[in-house]
Each structure stands twice: as C-alpha cells, then as structure tokens.
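The file upload_3.tsv comes next; it holds TSV, C-alpha atoms.
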chain	number	residue	atom	x	y	z
Q	1	MET	CA	74.54	85.47	26.62
Q	2	THR	CA	76.64	85.78	23.48
Q	3	VAL	CA	77.17	83.82	20.29
Q	4	THR	CA	80.13	84.86	18.15
Q	5	ILE	CA	81.72	83.48	15.00
Q	6	ARG	CA	85.40	82.61	15.20
Q	7	LYS	CA	87.81	81.67	12.40
Q	8	ARG	CA	90.55	79.12	12.96
Q	9	LYS	CA	93.39	79.18	10.43
Q	10	LEU	CA	94.20	75.95	8.61
Q	11	LYS	CA	96.80	75.03	6.03
Q	12	GLU	CA	97.14	76.81	2.69
Q	13	GLY	CA	95.24	79.90	3.83
Q	14	ARG	CA	91.93	78.12	4.58
Q	15	TYR	CA	89.84	78.87	7.69
Q	16	ALA	CA	87.44	76.72	9.68
Q	17	LEU	CA	84.41	78.46	11.20
Q	18	TYR	CA	83.33	77.91	14.80
Q	19	LEU	CA	80.80	79.41	17.18
Q	20	ASP	CA	81.82	80.56	20.65
Q	21	LEU	CA	78.76	80.41	22.89
Q	22	TYR	CA	78.33	81.83	26.37
Q	23	ALA	CA	75.23	81.41	28.56
Q	24	HIS	CA	74.36	80.43	32.13
Q	25	GLN	CA	77.95	81.25	33.17
Q	26	ASN	CA	79.13	78.49	30.84
Q	27	GLN	CA	81.20	78.78	27.68
Q	28	TRP	CA	81.47	76.20	24.92
Q	29	GLN	CA	82.35	75.85	21.27
Q	30	GLU	CA	80.56	74.44	18.24
Q	31	ASN	CA	82.32	73.33	15.06
Q	32	LEU	CA	80.15	74.50	12.16
Q	33	LYS	CA	82.02	72.30	9.65
Q	34	LEU	CA	82.07	75.28	7.31
Q	35	TYR	CA	85.27	76.46	5.64
Q	36	LEU	CA	86.55	79.63	3.98
Q	37	GLU	CA	88.88	79.02	1.05
Q	38	ASN	CA	92.02	80.98	0.16
Q	39	GLU	CA	90.41	83.56	-2.10
Q	40	LYS	CA	93.53	85.51	-3.09
Q	41	GLY	CA	93.16	86.49	-6.75
Q	42	ASN	CA	90.09	84.27	-7.20
Q	43	PRO	CA	86.74	86.14	-7.50
Q	44	ALA	CA	84.74	82.86	-7.62
Q	45	LYS	CA	86.16	81.69	-4.27
Q	46	LYS	CA	85.58	85.15	-2.83
Q	47	GLN	CA	81.88	84.89	-3.72
Q	48	MET	CA	81.71	81.32	-2.36
Q	49	ASN	CA	83.29	82.46	0.94
Q	50	LYS	CA	80.73	85.24	1.17
Q	51	GLN	CA	77.90	82.72	0.88
Q	52	THR	CA	79.53	80.36	3.40
Q	53	TYR	CA	79.94	83.16	5.93
Q	54	ALA	CA	76.30	84.15	5.42
Q	55	ILE	CA	75.29	80.58	6.36
Q	56	ALA	CA	77.44	80.84	9.49
Q	57	GLU	CA	75.68	84.09	10.42
Q	58	ARG	CA	72.28	82.45	10.01
Q	59	ILE	CA	73.34	79.60	12.30
Q	60	GLN	CA	74.67	82.19	14.77
Q	61	THR	CA	71.21	83.82	14.82
Q	62	GLU	CA	69.58	80.40	15.24
Q	63	ARG	CA	71.76	79.52	18.25
Q	64	LEU	CA	71.06	82.86	19.92
Q	65	TYR	CA	67.34	82.26	19.34
Q	66	GLN	CA	67.59	78.83	20.98
Q	67	LEU	CA	69.49	80.22	23.98
Q	68	GLN	CA	66.86	82.92	24.46
Q	69	ASN	CA	64.14	80.28	24.43
Q	70	ASP	CA	65.95	78.50	27.24
Q	71	ILE	CA	66.45	81.71	29.25
Q	72	PHE	CA	62.75	82.56	29.09
Q	73	GLY	CA	61.68	79.17	30.37
Q	74	PHE	CA	60.94	77.27	27.18
Q	75	LYS	CA	61.65	73.55	27.07
Q	76	LYS	CA	65.28	72.84	26.31
Q	77	PRO	CA	65.60	70.38	23.40
Q	78	GLU	CA	67.38	67.08	23.99
Q	79	LYS	CA	69.30	67.50	20.74
Q	80	THR	CA	70.22	70.53	18.65
Q	81	TYR	CA	70.40	70.66	14.87
Q	82	ARG	CA	72.16	73.03	12.52
Q	83	THR	CA	69.23	72.99	10.11
Q	84	PHE	CA	65.65	71.79	9.89
Q	85	ASN	CA	66.81	69.47	7.09
Q	86	GLU	CA	69.05	67.60	9.56
Q	87	TYR	CA	66.18	67.29	12.01
Q	88	PHE	CA	63.83	66.00	9.29
Q	89	LEU	CA	66.46	63.45	8.21
Q	90	ASP	CA	66.46	62.15	11.80
Q	91	LEU	CA	62.70	61.65	11.54
Q	92	VAL	CA	63.21	59.74	8.27
Q	93	ALA	CA	65.72	57.52	10.09
Q	94	GLU	CA	63.05	56.77	12.70
Q	95	ARG	CA	60.77	55.61	9.88
Q	96	GLU	CA	63.56	53.37	8.58
Q	97	ARG	CA	63.48	51.55	11.90
Q	98	THR	CA	59.69	51.19	11.96
Q	99	GLY	CA	58.98	51.04	8.23
Q	100	VAL	CA	55.85	53.20	8.66
Q	101	ASN	CA	55.23	55.40	5.61
Q	102	LEU	CA	58.98	55.48	4.88
Q	103	VAL	CA	58.80	56.08	1.13
Q	104	SER	CA	56.57	59.15	1.56
Q	105	TRP	CA	58.90	60.63	4.20
Q	106	GLU	CA	61.88	60.11	1.90
Q	107	CYS	CA	60.03	61.89	-0.92
Q	108	VAL	CA	59.19	64.85	1.33
Q	109	TYR	CA	62.86	65.07	2.37
Q	110	LYS	CA	63.87	65.27	-1.32
Q	111	HIS	CA	61.34	68.04	-1.95
Q	112	LEU	CA	62.57	69.93	1.13
Q	113	ASN	CA	66.17	69.81	-0.03
Q	114	LYS	CA	65.21	70.82	-3.53
Q	115	PHE	CA	63.26	73.79	-2.16
Q	116	ASN	CA	66.02	74.80	0.29
Q	117	SER	CA	68.96	72.59	1.30
Q	118	SER	CA	69.69	74.48	4.54
Q	119	ILE	CA	66.43	75.53	6.20
Q	120	LEU	CA	66.94	77.04	9.63
Q	121	PHE	CA	64.25	76.68	12.28
Q	122	THR	CA	63.83	80.45	12.20
Q	123	ASP	CA	62.93	80.12	8.51
Q	124	LEU	CA	59.82	78.13	9.43
Q	125	THR	CA	57.19	80.82	9.06
Q	126	VAL	CA	53.63	80.81	7.75
Q	127	ARG	CA	54.88	82.44	4.56
Q	128	TYR	CA	57.54	79.75	4.07
Q	129	LEU	CA	55.00	76.95	4.53
Q	130	GLU	CA	52.56	78.57	2.11
Q	131	GLU	CA	55.33	78.86	-0.49
Q	132	PHE	CA	56.29	75.22	0.00
Q	133	LYS	CA	52.63	74.23	-0.28
Q	134	SER	CA	52.36	76.05	-3.61
Q	135	LYS	CA	55.52	74.34	-4.83
Q	136	LEU	CA	54.06	70.91	-4.05
Q	137	LEU	CA	50.76	71.74	-5.77
Q	138	ASN	CA	52.63	72.90	-8.88
Q	139	ASN	CA	54.68	69.70	-9.12
Q	140	LEU	CA	52.43	66.94	-7.79
Q	141	LYS	CA	48.89	65.67	-8.03
Q	142	PRO	CA	46.61	67.18	-5.35
Q	143	ASN	CA	46.38	64.06	-3.16
Q	144	SER	CA	50.13	63.46	-3.24
Q	145	ALA	CA	50.73	67.13	-2.42
Q	146	SER	CA	48.22	66.85	0.44
Q	147	SER	CA	49.92	63.76	1.87
Q	148	TYR	CA	53.42	65.29	1.64
Q	149	PHE	CA	52.35	68.60	3.15
Q	150	ASN	CA	50.68	66.80	6.06
Q	151	ILE	CA	53.97	65.02	6.73
Q	152	LEU	CA	55.82	68.35	6.79
Q	153	LYS	CA	53.22	69.84	9.13
Q	154	GLY	CA	53.49	66.80	11.38
Q	155	SER	CA	57.26	67.16	11.56
Q	156	ILE	CA	56.90	70.80	12.61
Q	157	HIS	CA	54.31	69.90	15.26
Q	158	GLU	CA	56.84	67.38	16.58
Q	159	ALA	CA	59.63	70.00	16.56
Q	160	TYR	CA	57.39	72.23	18.67
Q	161	ARG	CA	56.70	69.38	21.13
Q	162	ARG	CA	60.42	68.70	21.41
Q	163	GLY	CA	61.17	72.33	22.21
Q	164	LEU	CA	63.14	72.99	19.03
Q	165	ILE	CA	60.90	75.97	18.21
Q	166	LYS	CA	58.91	78.23	20.53
Q	167	ASP	CA	56.25	79.03	17.92
Q	168	ASN	CA	54.32	76.54	15.77
Q	169	PRO	CA	53.54	78.07	12.36
Q	170	ALA	CA	52.12	74.75	11.10
Q	171	ALA	CA	49.13	75.25	13.39
Q	172	ARG	CA	48.18	78.37	11.41
Q	173	VAL	CA	48.49	76.92	7.91
Q	174	LYS	CA	45.61	75.01	6.33
Q	175	CYS	CA	46.12	71.53	4.92
Q	176	ILE	CA	45.77	70.82	1.21
Q	177	LYS	CA	42.30	69.48	0.56
Q	178	GLU	CA	42.22	66.03	-1.01
Q	179	VAL	CA	40.09	65.40	-4.08
Q	180	ASP	CA	38.03	62.33	-4.90
Q	181	THR	CA	39.90	59.96	-7.18
Q	182	ASN	CA	38.83	57.03	-9.28
Q	183	ARG	CA	39.87	53.85	-7.48
Q	184	GLU	CA	40.33	51.36	-10.27
Q	185	TYR	CA	39.20	47.80	-9.60
Q	186	LEU	CA	38.27	44.60	-11.42
Q	187	THR	CA	34.86	42.99	-11.76
Q	188	LYS	CA	34.33	39.27	-11.14
Q	189	GLU	CA	34.22	38.71	-14.91
Q	190	GLU	CA	37.53	40.53	-15.35
Q	191	VAL	CA	39.15	38.47	-12.59
Q	192	ASP	CA	37.90	35.35	-14.39
Q	193	SER	CA	39.55	36.65	-17.58
Q	194	LEU	CA	42.85	37.09	-15.76
Q	195	ILE	CA	42.63	33.56	-14.38
Q	196	ALA	CA	42.17	32.23	-17.92
Q	197	THR	CA	45.06	34.31	-19.33
Q	198	ASP	CA	48.74	33.37	-19.12
Q	199	CYS	CA	51.14	35.71	-17.31
Q	200	ARG	CA	54.88	35.88	-17.96
Q	201	TYR	CA	55.63	35.35	-14.27
Q	202	ASN	CA	53.47	32.69	-12.64
Q	203	VAL	CA	54.37	33.95	-9.15
Q	204	LEU	CA	53.08	37.41	-10.09
Q	205	LYS	CA	49.79	35.92	-11.32
Q	206	ARG	CA	49.33	33.90	-8.13
Q	207	ALA	CA	50.26	36.83	-5.88
Q	208	PHE	CA	47.95	39.31	-7.67
Q	209	LEU	CA	44.98	36.94	-7.56
Q	210	PHE	CA	45.80	36.18	-3.91
Q	211	SER	CA	45.58	39.91	-3.20
Q	212	CYS	CA	42.21	40.05	-4.99
Q	213	LEU	CA	40.92	37.34	-2.65
Q	214	THR	CA	42.50	38.62	0.58
Q	215	GLY	CA	42.87	42.39	0.18
Q	216	LEU	CA	46.51	42.26	1.29
Q	217	ARG	CA	48.80	45.07	0.10
Q	218	TRP	CA	51.76	44.26	-2.14
Q	219	SER	CA	54.20	44.72	0.76
Q	220	ASP	CA	52.27	42.26	2.93
Q	221	VAL	CA	51.96	39.70	0.13
Q	222	HIS	CA	55.65	40.08	-0.69
Q	223	ASN	CA	56.72	39.55	2.93
Q	224	LEU	CA	54.23	36.79	3.78
Q	225	LYS	CA	56.00	33.75	5.25
Q	226	TRP	CA	54.71	30.24	5.90
Q	227	LYS	CA	54.99	30.75	9.66
Q	228	ASP	CA	52.28	33.44	9.27
Q	229	VAL	CA	49.81	30.90	7.84
Q	230	ARG	CA	47.78	29.03	10.50
Q	231	THR	CA	44.97	26.47	10.47
Q	232	ASP	CA	42.13	26.06	12.96
Q	233	ASN	CA	39.67	23.18	12.45
Q	234	GLY	CA	40.54	23.10	8.77
Q	235	ALA	CA	40.06	26.87	8.29
Q	236	TYR	CA	43.07	28.88	7.16
Q	237	HIS	CA	43.98	32.34	8.41
Q	238	ILE	CA	46.99	34.63	8.36
Q	239	VAL	CA	48.53	36.24	11.45
Q	240	TYR	CA	50.64	39.17	10.34
Q	241	THR	CA	51.65	42.77	11.05
Q	242	GLN	CA	50.72	45.30	8.36
Q	243	ARG	CA	53.86	46.82	6.87
Q	244	LYS	CA	52.16	50.18	6.40
Q	245	THR	CA	50.29	50.67	9.69
Q	246	LYS	CA	52.20	48.22	11.94
Q	247	ASN	CA	48.84	46.91	13.18
Q	248	SER	CA	48.69	43.22	14.12
Q	249	GLU	CA	45.99	41.43	12.13
Q	250	VAL	CA	44.30	38.02	11.95
Q	251	LEU	CA	42.81	37.48	8.49
Q	252	PRO	CA	40.76	34.41	7.47
Q	253	ILE	CA	41.42	33.34	3.90
Q	254	ALA	CA	39.18	31.49	1.44
Q	255	ALA	CA	39.94	28.04	0.02
Q	256	ASN	CA	40.71	29.52	-3.42
Q	257	ALA	CA	43.33	31.81	-1.85
Q	258	VAL	CA	44.92	28.81	-0.11
Q	259	LYS	CA	45.32	27.06	-3.50
Q	260	LEU	CA	47.19	30.09	-4.87
Q	261	MET	CA	49.86	29.83	-2.15
Q	262	GLY	CA	51.15	26.53	-3.50
Q	263	ASN	CA	53.12	23.87	-1.63
Q	264	ILE	CA	53.90	24.57	2.04
Q	265	GLY	CA	57.53	25.54	2.66
Q	266	ASP	CA	59.74	26.10	5.68
Q	267	ASN	CA	58.51	28.47	8.40
Q	268	ASN	CA	60.85	31.33	7.44
Q	269	GLU	CA	60.42	30.82	3.70
Q	270	ARG	CA	58.36	33.40	1.83
Q	271	VAL	CA	55.09	32.10	0.41
Q	272	PHE	CA	55.55	33.83	-2.94
Q	273	VAL	CA	59.21	33.10	-3.62
Q	274	GLY	CA	60.58	35.15	-6.52
Q	275	LEU	CA	58.02	37.96	-6.26
Q	276	ARG	CA	59.78	41.30	-6.44
Q	277	TYR	CA	59.15	44.92	-7.31
Q	278	SER	CA	60.78	45.79	-10.62
Q	279	SER	CA	60.04	47.34	-13.99
Q	280	TYR	CA	59.99	43.85	-15.51
Q	281	PHE	CA	57.24	42.71	-13.15
Q	282	ASN	CA	55.26	45.93	-13.67
Q	283	THR	CA	55.48	45.52	-17.43
Q	284	ALA	CA	54.44	41.87	-17.13
Q	285	LEU	CA	51.39	42.92	-15.08
Q	286	PHE	CA	50.31	45.51	-17.67
Q	287	THR	CA	50.81	43.01	-20.51
Q	288	TRP	CA	48.87	40.30	-18.67
Q	289	VAL	CA	45.94	42.67	-18.07
Q	290	ALA	CA	45.94	43.82	-21.71
Q	291	ASN	CA	46.06	40.23	-23.02
Q	292	ALA	CA	43.01	39.48	-20.86
Q	293	GLY	CA	41.11	42.13	-22.82
Q	294	ILE	CA	40.95	44.57	-19.89
Q	295	LYS	CA	41.40	48.22	-20.88
Q	296	LYS	CA	41.71	49.64	-17.36
Q	297	HIS	CA	44.98	50.93	-15.90
Q	298	ILE	CA	45.60	48.21	-13.33
Q	299	THR	CA	48.40	48.23	-10.76
Q	300	PHE	CA	49.05	45.65	-8.06
Q	301	HIS	CA	47.25	47.83	-5.49
Q	302	CYS	CA	44.09	47.60	-7.60
Q	303	ALA	CA	43.81	44.00	-6.37
Q	304	ARG	CA	43.15	45.38	-2.87
Q	305	HIS	CA	40.46	47.67	-4.28
Q	306	THR	CA	38.99	44.68	-6.12
Q	307	ASN	CA	38.75	42.69	-2.88
Q	308	ALA	CA	36.85	45.50	-1.15
Q	309	ILE	CA	34.37	45.91	-4.02
Q	310	LEU	CA	33.79	42.15	-4.38
Q	311	LEU	CA	33.01	41.87	-0.67
Q	312	LEU	CA	30.65	44.86	-0.65
Q	313	ASN	CA	28.91	43.77	-3.86
Q	314	ASN	CA	28.27	40.35	-2.34
Q	315	GLY	CA	26.52	41.65	0.75
Q	316	VAL	CA	29.34	41.95	3.31
Q	317	ASP	CA	28.68	44.97	5.55
Q	318	ILE	CA	31.10	47.88	5.37
Q	319	TYR	CA	32.20	47.49	9.01
Q	320	THR	CA	33.37	43.90	8.41
Q	321	VAL	CA	35.12	44.93	5.17
Q	322	SER	CA	36.90	47.68	7.08
Q	323	LYS	CA	38.17	45.18	9.64
Q	324	MET	CA	39.28	42.72	6.97
Q	325	LEU	CA	41.25	45.40	5.12
Q	326	GLY	CA	42.84	46.51	8.39
Q	327	HIS	CA	41.61	50.10	8.10
Q	328	ARG	CA	41.94	52.18	11.25
Q	329	GLU	CA	38.89	54.29	10.42
Q	330	LEU	CA	35.58	53.38	8.79
Q	331	LYS	CA	35.69	56.50	6.60
Q	332	THR	CA	38.68	55.01	4.75
Q	333	THR	CA	36.55	52.04	3.71
Q	334	SER	CA	33.53	54.18	2.87
Q	335	VAL	CA	35.36	55.40	-0.25
Q	336	TYR	CA	34.72	51.99	-1.82
Q	337	ALA	CA	30.99	52.33	-1.23
Q	338	LYS	CA	30.97	55.19	-3.75
Q	339	VAL	CA	32.10	52.95	-6.60
Q	340	MET	CA	29.89	49.89	-6.10
Q	341	ASN	CA	28.69	49.45	-9.67
Q	342	LYS	CA	26.48	46.45	-8.88
Q	343	THR	CA	24.49	48.42	-6.29
Q	344	LYS	CA	24.21	51.39	-8.64
Q	345	ILE	CA	23.03	49.20	-11.50
Q	346	GLU	CA	20.43	47.54	-9.26
Q	347	ALA	CA	19.21	50.99	-8.23
Q	348	VAL	CA	18.88	52.12	-11.87
Q	349	GLU	CA	16.96	48.96	-12.76
Q	350	LYS	CA	14.32	49.87	-10.17
Q	351	LEU	CA	13.32	52.96	-12.18
Q	352	PRO	CA	9.86	52.57	-13.81
Q	353	ASN	CA	9.69	51.74	-17.53
Q	354	PHE	CA	8.49	54.45	-19.89
Q	355	SER	CA	7.27	54.14	-23.47
Q	356	LEU	CA	9.78	56.31	-25.32

Using structure tokens, write down the structure from this file.
Amino acid sequence: MTVTIRKRKLKEGRYALYLDLYAHQNQWQENLKLYLENEKGNPAKKQMNKQTYAIAERIQTERLYQLQNDIFGFKKPEKTYRTFNEYFLDLVAERERTGVNLVSWECVYKHLNKFNSSILFTDLTVRYLEEFKSKLLNNLKPNSASSYFNILKGSIHEAYRRGLIKDNPAARVKCIKEVDTNREYLTKEEVDSLIATDCRYNVLKRAFLFSCLTGLRWSDVHNLKWKDVRTDNGAYHIVYTQRKTKNSEVLPIAANAVKLMGNIGDNNERVFVGLRYSSYFNTALFTWVANAGIKKHITFHCARHTNAILLLNNGVDIYTVSKMLGHRELKTTSVYAKVMNKTKIEAVEKLPNFSL
C-alpha cells in the first residue's frame, strides 16, 4: 500500500495538492483542497507554502494509518475525514437535528478550533487530551470545563466505535471532577414579592412565575403550545417533549399556573407569545428581581430550582419531585435536598435551649 502527495499545476504558477492512494489492488485519488501559491520572490508565500505542504504530509500519514488499520482487520469506517475537527462538526450537525445539548457541543467545537484548527486523528493522544483539559480548566469554571471535556471524550469514544481510530486514548484519561455549586432559588416570600412587583414585560413575569410553579425549563416554557395543554375531569396537565433530554413527559399543573397562561389560543399558537431570549429580557428580569427587594443573582433557570425546593419543603418526596422535573436519575434531584433551608431550620430549632 502506498500514499503519495502529487502536485497538479494550475494557472499563474499555483499548484493543487492531491493524494494518490494504492491498496487492495485498487488505486484512487483524493483532492486535499490545499494549494501552493506562486512563491517566486515572495518569502511570505514561501513560508505559507511550507506550512501548507506540512499539513498535506500530516494527512498523508493519517491516510496510511487508516489503510493499515483496514489491512490488519480493524473496522473500516463508513466515512473518512481529513481532520478530527471535521468529524466533530458532523456530530454537532447531528445535535442540530435532535436539539440535544446543542449549545454545549457548539461551544466545545469553538474551543477545539481555538486549540488546534486541524487536529488529525493521530494527534489524539493521552498527552493531547491532558493539554486540552488543562486549557479548559484555565479558561472556564470547573463544572463547565467538566461538561465540555466529557463531550470531547464522548466524541472520541464514538470515533473508536465507528472505526475511525484503532486506539481509544479517552478511555485512559480521567474526567474533570465537578464541584458543588450554590443553586440559587427563591423562597415562598420572595415569590410573593415578585408577584406584587411590576415587571417591564408582562409575558416574562407570567412565564417566570409559571416556571416556578411547574419546574419547566426556559426552552420548554418558550416552546409550549396550546395543543400541549390538556384537561382531564377539570384537571390540567401538559404533554410535551423536553427540549434538553428529548424525553416525553406528562406534567400536571396547579390552578395558579393555569391562570398564568392566559386566554386559550389556537392549537399551534405558543402559550407565552412574545417571550424571547435577549439582553433586554435578561435586564428586565434582573431589574424586576431587584425592585422586589431580592438581592440574589436570579436567572430564569432559578425558577426551576425554586419549584424543586418548594415541593421538597412542602413534604413532596424526592422520587416524585424527580419525576416531575423529568430527571433521568434520582441523584440529579438529590442536589436540591442539600439546600432545603426549611428542613435545616427545623433541625436547628430542635436543639436544646441553653442559658448563655
């Protein structure tokens, strides 16, 4: 088997680079879409051509590596990629179709390109992954770095399953350990204060309070349509698919939450018409919270945390809360049990009195 670089002359002294490949008594050609410029009397172009040719040589090594994998009985991949970046971009495109964790995958892709815009599969070593891990930890908060690094490891596991690599370095690199974070939430008294305080955008106020009473994420509130709202013997519930997990859910909703939805519209009309993600709405939320006398840093997602804490503080068991929030695992819900102030206060009040 052989893999050789060939130059094809173009106009004005430029050259296009190709690979001539030979294996299994077959010969074929691959256009690298790399070009050498006319460097006569131009040192800058000479240096650029040197770098371009070095990339071609790396791809040549990669192709020979892939052919050897095939010769020695390793699974032949259904599709070949010039770089790992191209492969990862394909995985991002898959998330675009499903919507699952898309934003995080896009962020990881940006970090990959910033770290190295043309990563070959042969570059994927334990050392490379450790360096990328360090880069994430230096630029992101620990939990974000952990989430992004897990996505990268998952993509490499998938590359191994698809036969794109014969060795899986991700299996030998430890994940980034997550740290406990403070999940901000509102007390019942603070929710009452928000109800009594005007908000610049009424739809934002209704949607946020609706999330406090249902535990729905912003994406699910934003995309909620009237066809998703059902009634059964006078009881309201929502039938929807979580945007994040793609799990189908049936969620009963309280009478107060029903009032916040407003007048019933057409089936395909969104319940909270006009609700959108923008800096104006974020600013309005922060202003609304501040005007209510609340000094916490509250985002829309804090409404989901608030729902979990309100349920737990009012005697709902953690298993039921987990189901209502649509968590796949009970351990995800157990985080809220750590911040149940009401339970902690009740425990402190049971301490004996001392004459101090």

Can you tell me which residues surround Ala170 of chain Q at a distance of at most 9 Å, considering only C-alpha atoms, apart from same-chain residues fewer than 5 positions away, and format the answer as a PDB file with C-alpha atoms, in the coordinates of the input?
ATOM      1  CA  LEU Q 124      59.820  78.130   9.430  1.00  0.00           C
ATOM      2  CA  THR Q 125      57.190  80.820   9.060  1.00  0.00           C
ATOM      3  CA  VAL Q 126      53.630  80.810   7.750  1.00  0.00           C
ATOM      4  CA  LEU Q 129      55.000  76.950   4.530  1.00  0.00           C
ATOM      5  CA  LEU Q 152      55.820  68.350   6.790  1.00  0.00           C
ATOM      6  CA  LYS Q 153      53.220  69.840   9.130  1.00  0.00           C
ATOM      7  CA  GLY Q 154      53.490  66.800  11.380  1.00  0.00           C
ATOM      8  CA  ILE Q 156      56.900  70.800  12.610  1.00  0.00           C
ATOM      9  CA  HIS Q 157      54.310  69.900  15.260  1.00  0.00           C
TER      10      HIS Q 157
END

Worksheet item: Taking only C-alpha atoms into account, which of Q:Arg304, Q:His297, Q:Lys227, Q:His237 comes nearest Glu269 of chain Q?
Response: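 Once distances to Glu269 of chain Q are computed over only C-alpha atoms, the minimum belongs to Q:Lys227.
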
Worksheet item: So how far away is atom CA of Ser144 of chain Q from atom CA of Tyr160 of chain Q, in Å?
Response: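 These atoms are spaced 24.7 Å apart.
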
Discussion item. Could you check the closest approach to Cys212 of chain Q for each of Q:Asn85, Q:Asn42, Q:Asn314, Q:Thr187 and tell me which residue wins, using only C-alpha atoms?
Written reply: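 Distance minimum relative to Cys212 of chain Q lands on Q:Thr187.
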
Discussion item. Would you pick out the contacts of Ile55 of chain Q at 10 Å or less, using only C-alpha atoms, so that residues sharing its chain but fewer than 5 positions from it are not included, and give the list as a PyMOL selection string?
Written reply: chain Q and resi 32+34+49-50+60-61+118+120

Fill in: Å distance separating atom CA of Arg14 of chain Q from atom CA of Asn38 of chain Q, one decimal place
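Separation of atom CA of Arg14 of chain Q and atom CA of Asn38 of chain Q: 5.3 Å.
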
Practice prompt. Name all residues at most 9 Å from Arg6 of chain Q (count all atoms listed in the file; drop same-chain ones fewer than 3 positions away) and give them as a VMD selection string.
Written response: chain Q and resid 16 to 20

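Remark: for Phe132 of chain Q, the closest of the candidate residues Q:Ile176, Q:Lys323, Q:Leu310, Q:Leu102 is Q:Ile176 (distances computed over only C-alpha atoms).
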
Discussion item. As an exercise, work out the distance from atom CA of Leu21 of chain Q to atom CA of Thr4 of chain Q in Å and give it to one decimal place.
Written reply: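 Atom-to-atom, atom CA of Leu21 of chain Q to atom CA of Thr4 of chain Q, that is 6.6 Å.
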
Fill in: Residue neighbourhood Ser193 of chain Q, 10 Å, only C-alpha atoms, exclusion window fewer than 4 positions, as a VMD selection string
chain Q and resid 187 to 189 197 to 198 289 291 to 294

Which neighbours of segment 254-268 of chain Q fall inside 10 Å, counting all atoms listed in the file, when residues of the same chain fewer than 2 positions from it are skipped, and could you give them as a short mmCIF file (atom, residue, chain, number, x, y, z; two decimals) with C-alpha atoms, keeping the file's coordinate frame?
data_model
loop_
_atom_site.label_atom_id
_atom_site.label_comp_id
_atom_site.auth_asym_id
_atom_site.auth_seq_id
_atom_site.Cartn_x
_atom_site.Cartn_y
_atom_site.Cartn_z
CA VAL Q 203 54.37 33.95 -9.15
CA LYS Q 205 49.79 35.92 -11.32
CA ARG Q 206 49.33 33.90 -8.13
CA ALA Q 207 50.26 36.83 -5.88
CA PHE Q 208 47.95 39.31 -7.67
CA LEU Q 209 44.98 36.94 -7.56
CA PHE Q 210 45.80 36.18 -3.91
CA SER Q 211 45.58 39.91 -3.20
CA CYS Q 212 42.21 40.05 -4.99
CA LEU Q 213 40.92 37.34 -2.65
CA THR Q 214 42.50 38.62 0.58
CA LEU Q 224 54.23 36.79 3.78
CA LYS Q 225 56.00 33.75 5.25
CA TRP Q 226 54.71 30.24 5.90
CA LYS Q 227 54.99 30.75 9.66
CA ASP Q 228 52.28 33.44 9.27
CA VAL Q 229 49.81 30.90 7.84
CA ALA Q 235 40.06 26.87 8.29
CA TYR Q 236 43.07 28.88 7.16
CA HIS Q 237 43.98 32.34 8.41
CA LEU Q 251 42.81 37.48 8.49
CA PRO Q 252 40.76 34.41 7.47
CA ARG Q 270 58.36 33.40 1.83
CA VAL Q 271 55.09 32.10 0.41
CA PHE Q 272 55.55 33.83 -2.94
CA VAL Q 273 59.21 33.10 -3.62
#

Practice prompt. Point out the residue among Q:Lys177, Q:Lys141, Q:Lys33, Q:His305 with the least atom-to-atom distance to Lys7 of chain Q, counting only C-alpha atoms.
Written response: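 Closest to Lys7 of chain Q, using only C-alpha atoms: Q:Lys33.
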
Worksheet item: Which of these, Q:Phe300, Q:Leu36, Q:Gln29, Q:Phe149, has the shortest distance to Lys9 of chain Q once you count only C-alpha atoms?
Response: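 Between Q:Phe300, Q:Leu36, Q:Gln29, Q:Phe149, the residue approaching Lys9 of chain Q most closely is Q:Leu36.
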
Practice prompt. Give the answer as one residue: which of Q:Ser155, Q:Gln242, Q:Thr287, Q:Thr122 has the shortest atom-to-atom distance to Asp90 of chain Q, using all atoms listed in the file?
Written response: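 Between Q:Ser155, Q:Gln242, Q:Thr287, Q:Thr122, the residue approaching Asp90 of chain Q most closely is Q:Ser155.
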
Taking N, CA and C atoms as the atom set, what does segment 296-309 of chain Q look like once completed, written as a short mmCIF file (atom, residue, chain, number, x, y, z; two decimals), keeping the file's coordinate frame?
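The resulting file, result_2.cif, is reproduced below:
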data_model
loop_
_atom_site.label_atom_id
_atom_site.label_comp_id
_atom_site.auth_asym_id
_atom_site.auth_seq_id
_atom_site.Cartn_x
_atom_site.Cartn_y
_atom_site.Cartn_z
N LYS Q 296 41.47 48.77 -18.51
CA LYS Q 296 41.71 49.64 -17.36
C LYS Q 296 43.20 49.72 -17.04
N HIS Q 297 43.59 50.81 -16.37
CA HIS Q 297 44.98 50.93 -15.90
C HIS Q 297 45.06 50.24 -14.53
N ILE Q 298 45.59 49.04 -14.53
CA ILE Q 298 45.60 48.21 -13.33
C ILE Q 298 47.02 48.11 -12.76
N THR Q 299 47.16 48.44 -11.49
CA THR Q 299 48.40 48.23 -10.76
C THR Q 299 48.16 47.13 -9.72
N PHE Q 300 49.23 46.72 -9.04
CA PHE Q 300 49.05 45.65 -8.06
C PHE Q 300 48.09 46.08 -6.95
N HIS Q 301 48.11 47.36 -6.59
CA HIS Q 301 47.25 47.83 -5.49
C HIS Q 301 45.78 47.75 -5.86
N CYS Q 302 45.49 47.72 -7.16
CA CYS Q 302 44.09 47.60 -7.60
C CYS Q 302 43.48 46.28 -7.14
N ALA Q 303 44.32 45.29 -6.87
CA ALA Q 303 43.81 44.00 -6.37
C ALA Q 303 43.16 44.20 -5.01
N ARG Q 304 43.73 45.08 -4.19
CA ARG Q 304 43.15 45.38 -2.87
C ARG Q 304 41.80 46.07 -3.05
N HIS Q 305 41.74 47.02 -4.00
CA HIS Q 305 40.46 47.67 -4.28
C HIS Q 305 39.43 46.64 -4.75
N THR Q 306 39.87 45.71 -5.59
CA THR Q 306 38.99 44.68 -6.12
C THR Q 306 38.39 43.85 -4.99
N ASN Q 307 39.22 43.48 -4.01
CA ASN Q 307 38.75 42.69 -2.88
C ASN Q 307 37.64 43.42 -2.13
N ALA Q 308 37.85 44.72 -1.89
CA ALA Q 308 36.85 45.50 -1.15
C ALA Q 308 35.52 45.56 -1.91
N ILE Q 309 35.59 45.80 -3.21
CA ILE Q 309 34.37 45.91 -4.02
C ILE Q 309 33.65 44.57 -4.11
#
